[in-house]
Amino acid sequence: MDKKFIPAQAEGKIYEYWEKNKLFEAKIDPAKKPFTVILPPPNANGNLHMGHAMFVYEDIMIRYHKMKGEETFWLLGLDHAGIETQYVFEKQLQKQGKSRYDFDRETLFKMIWEFVMANKGNIKSQLRRMGFALDWSKEKFTMDEDIVAIVHRTFKKMFDDKLLYRAERLVNYCTKDGTSFSDLEVESKDVDGILYYINFPLEEGGTIPIATTRPETMLGDVAVMVNPKDKRYKHLIGKNVRLPITDRVVPIIADEYVDKKFGTGAVKVTPAHDFNDFEIAKKHKLAYPPVIGFDGRMQNTGVVDGMRVKAAREEVNKRLRELGLLVKETPHKMVVKVCYRCGTTLEPLPLEQWYIKIRPLADKANQMVAEGQIKIYPKRFQKILKRMLDDFIDWNISRQNVWGIRIPAFYCTSKKEWFVTDGAKPDKCMICDGTDFVQDTDTLDTWFSSGQWPFATLQTLGKDYYDYFYPTSVMETGHDILRAWISRMIMLGSYVTDKVQFENVFLHGMVRDGKGQKMSKSKGNVINPIEKIDLYGADALRAALIFGTKEGGDVVLTEDKLIGMRNFANKIWNVGRFIYMCEHKELLPAEQAVEKKDVGSILKELVKETAALDKKGIKNMEAYHFSRTLDDTHQFLWHRLADYYIEELKDELRNGNIEVLEKLKSSYFSCLKLLHPFMPFVTEAVWKVFHGEDSSLLKTRV
RNA sequence: GGAUCUGUAGCUCAGUUGGUUAGAGCGUUCGGUUCACAUCCGAAAGGUCACAGGUUCGAGUCCUGUCAGAUCCACCA
């Protein structure tokens with residue numbers, strides 16, 4: 001055996017052995033209990049990041065259950081990642097001086113498809129570097145034809161069940177990405193804005209002062225609103241205001257919504273570009289003429305048409321100043337909604353979209369969790385999930401992307417009605433038998449399809465697979481997508497399959513740097529997992545992500561920790577090396593027994609302590625307290641087995657005491673089994689030294 | 001404003017249904033070069049477990065309050 005464990009030399013060969021011998025491949029075996037995990041599909045054309053590295057929890061579970069003798073299935077899937085991918089692709093186009101608008105829909109789709117297919121090998125090789133026991137023989141892609149067919153079928157079922165409806169509402173629209181988002185996909189950002197105080201002339205003479213952060217939207221105002229109890233303005237309710245610049249006449253209305261203390265106590269109402277104003281307009285039956293287009297430019301104003309919003313604001317302010325109506329500007333801290341993808345400030349715009357009626361689904365989901373049909377680990381997330389499900393509002397699933405699953409809905413232009421198919425384009429209109437119909441150009445929110453991922457993948461593998469492996473055992477993912485993904489899966493799963501999609505949910509924390517900061521590209525503190533594997537080995541990275549953490553809590557990943565875990569991998573190796581050398585009499589006999597030791601009672605203690613470790617280790621694995629098993633075994637192997645027992649019994653070993661050797665070996669093997677799910681490479685390497693090249697810990701039993 | 005979580009050694013964190021002298025990794029100090037490992041070994045220093053009450057024979061652990069921080073959600077033009 002080599003003096004040191006060298007991951008770079010060992011890992012590739014070991015992984016190849018696992019893969020070649022099909023140790024990761026799932027078979028249907030009615031004699032065994034199935035244990036199924038669906039990998040949260042990584043972006044097909046992306047790179048492995050620390051978030052993906054955290055899927056090591058899934059590998060730990062898979063390997064542990066494999067060693068328990070269960071039929072395990074870790075299903076590999078890749079995600080088309082709608083907006084994400086289109087964004088990356090469009091950036092590439094931009095470099096070539098082109099944009100998505102230079103191509104028709106079909107061409108653009110085809111180009112992105114080829115782009116993704118060409119790049120998906122990368123992420124797969126990186127997943128292998130992590131040592132993940134994924135079943136490579138049954139890879140799925142979220143845009144596979146059979147998956148798309150299932151997603152379409154679900155859409156149709158919801159339409160038929162009247163859970164889908166179209167509505168024109170304000171949506172969060174990114175004028176850069178050219179699509180709307182659901183309420184879950186927006187991020188809030190604090191910005192330093194300006195509150196402008198403007199005097200609006202009254203038709204009867206005089207003015208009413210209003211305060212706004214967006215003067216340009218004045219061009220789309222339909223009213224001015226005050227609180228009905230506000231003595232300052234009470235006498236003006238029902239009177240009219242002549243809007244500056246455009247001279248349009250709008251009424252002064254009253255609503256409790258207005259906070260008397262804020263600004264001037266009088267608000268301009270722009271229903272087409274403000275969520276609250278939109279609600280007010282609905283209530284008071286006012287129109288909502290949009291003055292900002294989907295391209296982010298002004299329209300229908302007769303004043304600043306074609307200008308971008310910012311420029312329009314300056315122009316409007318300039319004119320107001322000239323009129324002497326812009327009387328005050330004060331700094332104002334405010335919150336804007338930005339695109340989670342590109343950071344552009346989102347524009348609330350009226351748009352007709354498909355919505356899912358969420359209450360029936362969310363209520364059912366809540367019930368299933370409350371009944372314990374789905375268990376959440378760590379437990380506290382159950383409360384959080386309940387709250388999320390309670391708060392769900394109807395879900396906008398229309399996206400104006402090309403790269404996605406096209407919505408199988410068609411609009412009959414003569415009857416002005418929608419109909420839905422199972423995906424195929426019909427020969428004639430299903431409403432009037434005519435030919436005047438067009439397909440919705442929108443695609444589905446990726447969460448709508450990924451919300452069906454576990455059952456969809458298993459169904460496409462065949463009924464036998466579905467029957468055997470579904471519902472899946474554990475869904476493991478970061479707690480940051482509890483709302484966006486887990487909750488949607490629970491809702492859609494029960495709706496379509498009438499079962500839970502998974503029996504347990506395990507949520508891991510976020511990876512942070514040494515300063516406790518979340519890793520992000522903009523902060524420049526991202527750690528590339530592959531880089532660290534090259535330096536310290538996959539085992540070290542894996543263990544560093546688990547060691548000394550609490551499940552669901554955040555992980556602080558530092559260079560020191562990685563080094564510490566690399567050292568531990570080496571320690572594992574060297575304990576094996578020492579036992580091996582004793583076994584093969586490669587050590588000289590001890591010179592003399594300095595002191596008489598009670599070998600018998602030390603051995604008794606060793607056996608007892610090992611058994612206790614084993615029992616506790618298994619118990620913690622079952623309770624999803626994975627890191628405790630790693631911590632305990634680390635502590636035992638290093639500071640008890642190596643530092644104490646081996647040191648105490650060293651002379652006996654060198655003098656060829658077979659019983660001592662066997663007991664130490666047995667204790668060591670127990671450690672290897674407990675450690676294998678966490679650090680599969682070094683444990684497997686040393687196992688092979690003792691049991692032959694064709695042996696594997698994956699073939700042993702805990 | 002609402003919710004959830006956290007506060008333990010210099011740093012990053014464990015600590016299971018309450019139960020002897022509170023632990024790990026890294027760091028610090030001192031000492032070790034013969035064959036398992038210097039990616040190592042031995043020894044040491046270092047904590048009023050945020051604070052104040054309460055329950056209990058017994059509290060880092062349970063309850064209440066205070067303070068500090070983190071995250072998520074909702075937000076006033």
# chains A, B, ... in the order shown; residues from 1 in each chain; ligands from 1
>>> select_by_dssp(residues="segment 298-339 of chain A", states="helix (DSSP H, G or I)", output="list in words")
Val309, Lys310, Ala311, Ala312, Arg313, Glu314, Glu315, Val316, Asn317, Lys318, Arg319, Leu320, Arg321, Glu322 and Leu323 of chain A
>>> interface_residues(of="chain A", to="chain B", cutoff="6 Å", atoms="only C-alpha atoms (C1' of nucleotides)", output="MDAnalysis selection string")
chainID A and resid 212 267 548 567 574:575 577:578
>>> write_last_selection(atoms="all heavy atoms", output="mmCIF file, in the first residue's frame")
data_model
loop_
_atom_site.group_PDB
_atom_site.id
_atom_site.type_symbol
_atom_site.label_atom_id
_atom_site.label_comp_id
_atom_site.auth_asym_id
_atom_site.auth_seq_id
_atom_site.Cartn_x
_atom_site.Cartn_y
_atom_site.Cartn_z
ATOM 1 N N THR A 212 -45.582 61.272 -5.599
ATOM 2 C CA THR A 212 -45.368 60.051 -6.380
ATOM 3 C C THR A 212 -43.881 59.798 -6.583
ATOM 4 O O THR A 212 -43.071 60.723 -6.560
ATOM 5 C CB THR A 212 -46.063 60.130 -7.754
ATOM 6 O OG1 THR A 212 -45.808 58.925 -8.463
ATOM 7 C CG2 THR A 212 -45.543 61.307 -8.571
ATOM 8 N N VAL A 267 -53.277 60.622 -3.690
ATOM 9 C CA VAL A 267 -52.541 59.691 -4.542
ATOM 10 C C VAL A 267 -53.054 59.749 -5.964
ATOM 11 O O VAL A 267 -54.267 59.814 -6.188
ATOM 12 C CB VAL A 267 -52.749 58.229 -4.052
ATOM 13 C CG1 VAL A 267 -51.732 57.323 -4.700
ATOM 14 C CG2 VAL A 267 -52.703 58.142 -2.562
ATOM 15 N N GLY A 548 -19.760 18.361 11.087
ATOM 16 C CA GLY A 548 -19.990 19.453 12.035
ATOM 17 C C GLY A 548 -21.101 20.402 11.656
ATOM 18 O O GLY A 548 -21.060 21.581 11.988
ATOM 19 N N ASN A 567 -7.179 15.290 5.352
ATOM 20 C CA ASN A 567 -6.342 14.597 6.323
ATOM 21 C C ASN A 567 -7.063 13.400 6.925
ATOM 22 O O ASN A 567 -6.453 12.367 7.193
ATOM 23 C CB ASN A 567 -5.914 15.556 7.430
ATOM 24 C CG ASN A 567 -5.010 16.666 6.899
ATOM 25 O OD1 ASN A 567 -4.609 16.634 5.737
ATOM 26 N ND2 ASN A 567 -4.707 17.625 7.751
ATOM 27 N N ASN A 574 -4.526 5.210 6.317
ATOM 28 C CA ASN A 574 -3.360 4.748 7.051
ATOM 29 C C ASN A 574 -3.666 3.767 8.168
ATOM 30 O O ASN A 574 -2.822 2.943 8.505
ATOM 31 C CB ASN A 574 -2.572 5.938 7.579
ATOM 32 C CG ASN A 574 -1.500 6.327 6.603
ATOM 33 O OD1 ASN A 574 -0.574 5.551 6.398
ATOM 34 N ND2 ASN A 574 -1.648 7.457 5.954
ATOM 35 N N VAL A 575 -4.840 3.872 8.736
ATOM 36 C CA VAL A 575 -5.233 2.850 9.706
ATOM 37 C C VAL A 575 -5.308 1.515 8.976
ATOM 38 O O VAL A 575 -4.815 0.488 9.453
ATOM 39 C CB VAL A 575 -6.583 3.194 10.372
ATOM 40 C CG1 VAL A 575 -7.077 2.020 11.207
ATOM 41 C CG2 VAL A 575 -6.453 4.436 11.234
ATOM 42 N N ARG A 577 -3.702 0.782 6.268
ATOM 43 C CA ARG A 577 -2.345 0.403 5.880
ATOM 44 C C ARG A 577 -1.621 -0.292 7.026
ATOM 45 O O ARG A 577 -0.943 -1.296 6.833
ATOM 46 C CB ARG A 577 -1.583 1.661 5.453
ATOM 47 C CG ARG A 577 -0.164 1.395 5.046
ATOM 48 C CD ARG A 577 0.428 2.561 4.274
ATOM 49 N NE ARG A 577 1.790 2.234 3.889
ATOM 50 C CZ ARG A 577 2.871 2.828 4.403
ATOM 51 N NH1 ARG A 577 2.734 3.780 5.301
ATOM 52 N NH2 ARG A 577 4.082 2.467 4.023
ATOM 53 N N PHE A 578 -1.812 0.251 8.212
ATOM 54 C CA PHE A 578 -1.147 -0.339 9.374
ATOM 55 C C PHE A 578 -1.643 -1.767 9.639
ATOM 56 O O PHE A 578 -0.874 -2.691 9.847
ATOM 57 C CB PHE A 578 -1.377 0.532 10.609
ATOM 58 C CG PHE A 578 -0.753 -0.033 11.851
ATOM 59 C CD1 PHE A 578 0.622 -0.024 12.002
ATOM 60 C CD2 PHE A 578 -1.545 -0.584 12.848
ATOM 61 C CE1 PHE A 578 1.205 -0.553 13.141
ATOM 62 C CE2 PHE A 578 -0.959 -1.111 13.991
ATOM 63 C CZ PHE A 578 0.411 -1.098 14.138
#
>>> closest_atom_pairs(of="segment 392-501 of chain A", to="segment 353-363 of chain A", cutoff="6 Å", atoms="only C-alpha atoms", output="Markdown table")
| residue | atom | partner | partner_atom | distance |
| --- | --- | --- | --- | --- |
| A:Asp394 | CA | A:Ile358 | CA | 5.0 |
| A:Trp395 | CA | A:Ile356 | CA | 5.0 |
| A:Asn396 | CA | A:Tyr355 | CA | 4.6 |
| A:Ile397 | CA | A:Trp354 | CA | 5.9 |
| A:Ser398 | CA | A:Trp354 | CA | 5.6 |
| A:Met491 | CA | A:Leu361 | CA | 5.2 |
>>> write_last_selection(atoms="C-alpha atoms", output="PDB file, in the first residue's frame")
ATOM      1  CA  ASP A 394     -53.420  31.831  -8.109  1.00  0.00           C
ATOM      2  CA  TRP A 395     -50.405  30.847 -10.149  1.00  0.00           C
ATOM      3  CA  ASN A 396     -49.502  32.528 -13.410  1.00  0.00           C
ATOM      4  CA  ILE A 397     -48.003  29.774 -15.556  1.00  0.00           C
ATOM      5  CA  SER A 398     -47.661  31.610 -18.887  1.00  0.00           C
ATOM      6  CA  MET A 491     -49.945  19.915  -5.169  1.00  0.00           C
TER       7      MET A 491
END
>>> residues_around(residues="segment 51-64 of chain B", least_positions_apart="3", cutoff="8 Å", atoms="only C-alpha atoms (C1' of nucleotides)", output="PyMOL selection string")
chain B and resi 8+18-19+22+67
>>> residues_around(residues="C30 of chain B", least_positions_apart="2", cutoff="12 Å", atoms="only C-alpha atoms (C1' of nucleotides)", output="ChimeraX atom specification")
/B:28,32,42-45
>>> closest_residue(among="A:Gly193, A:Pro7, A:Pro40, A:Gly51", to="Met334 of chain A", atoms="only C-alpha atoms")
A:Gly193
>>> atom_distance(atom1="atom CA of Asp135 of chain A", atom2="atom CA of Gly77 of chain A")
9.9 Å
>>> atom_distance(atom1="atom CA of Ser450 of chain A", atom2="atom CA of Ser182 of chain A")
14.9 Å
>>> select_by_dssp(residues="segment 14-69 of chain A", states="strand (DSSP E)", output="PyMOL selection string")
chain A and resi 34-38
>>> write_last_selection(atoms="N, CA and C atoms", output="CSV table (one decimal), in the first residue's frame")
chain,number,residue,atom,x,y,z
A,34,PRO,N,-38.0,-1.1,-2.3
A,34,PRO,CA,-37.4,0.0,-3.1
A,34,PRO,C,-37.1,1.2,-2.3
A,35,PHE,N,-36.0,1.9,-2.7
A,35,PHE,CA,-35.7,3.2,-2.1
A,35,PHE,C,-35.3,4.1,-3.3
A,36,THR,N,-36.2,5.1,-3.5
A,36,THR,CA,-36.1,5.9,-4.7
A,36,THR,C,-35.8,7.4,-4.3
A,37,VAL,N,-34.8,8.0,-5.0
A,37,VAL,CA,-34.6,9.4,-4.9
A,37,VAL,C,-34.5,10.0,-6.3
A,38,ILE,N,-35.2,11.1,-6.5
A,38,ILE,CA,-35.1,11.7,-7.8
A,38,ILE,C,-34.2,12.9,-7.7
>>> atom_distance(atom1="atom CA of Met519 of chain A", atom2="atom CA of Leu557 of chain A")
10.1 Å
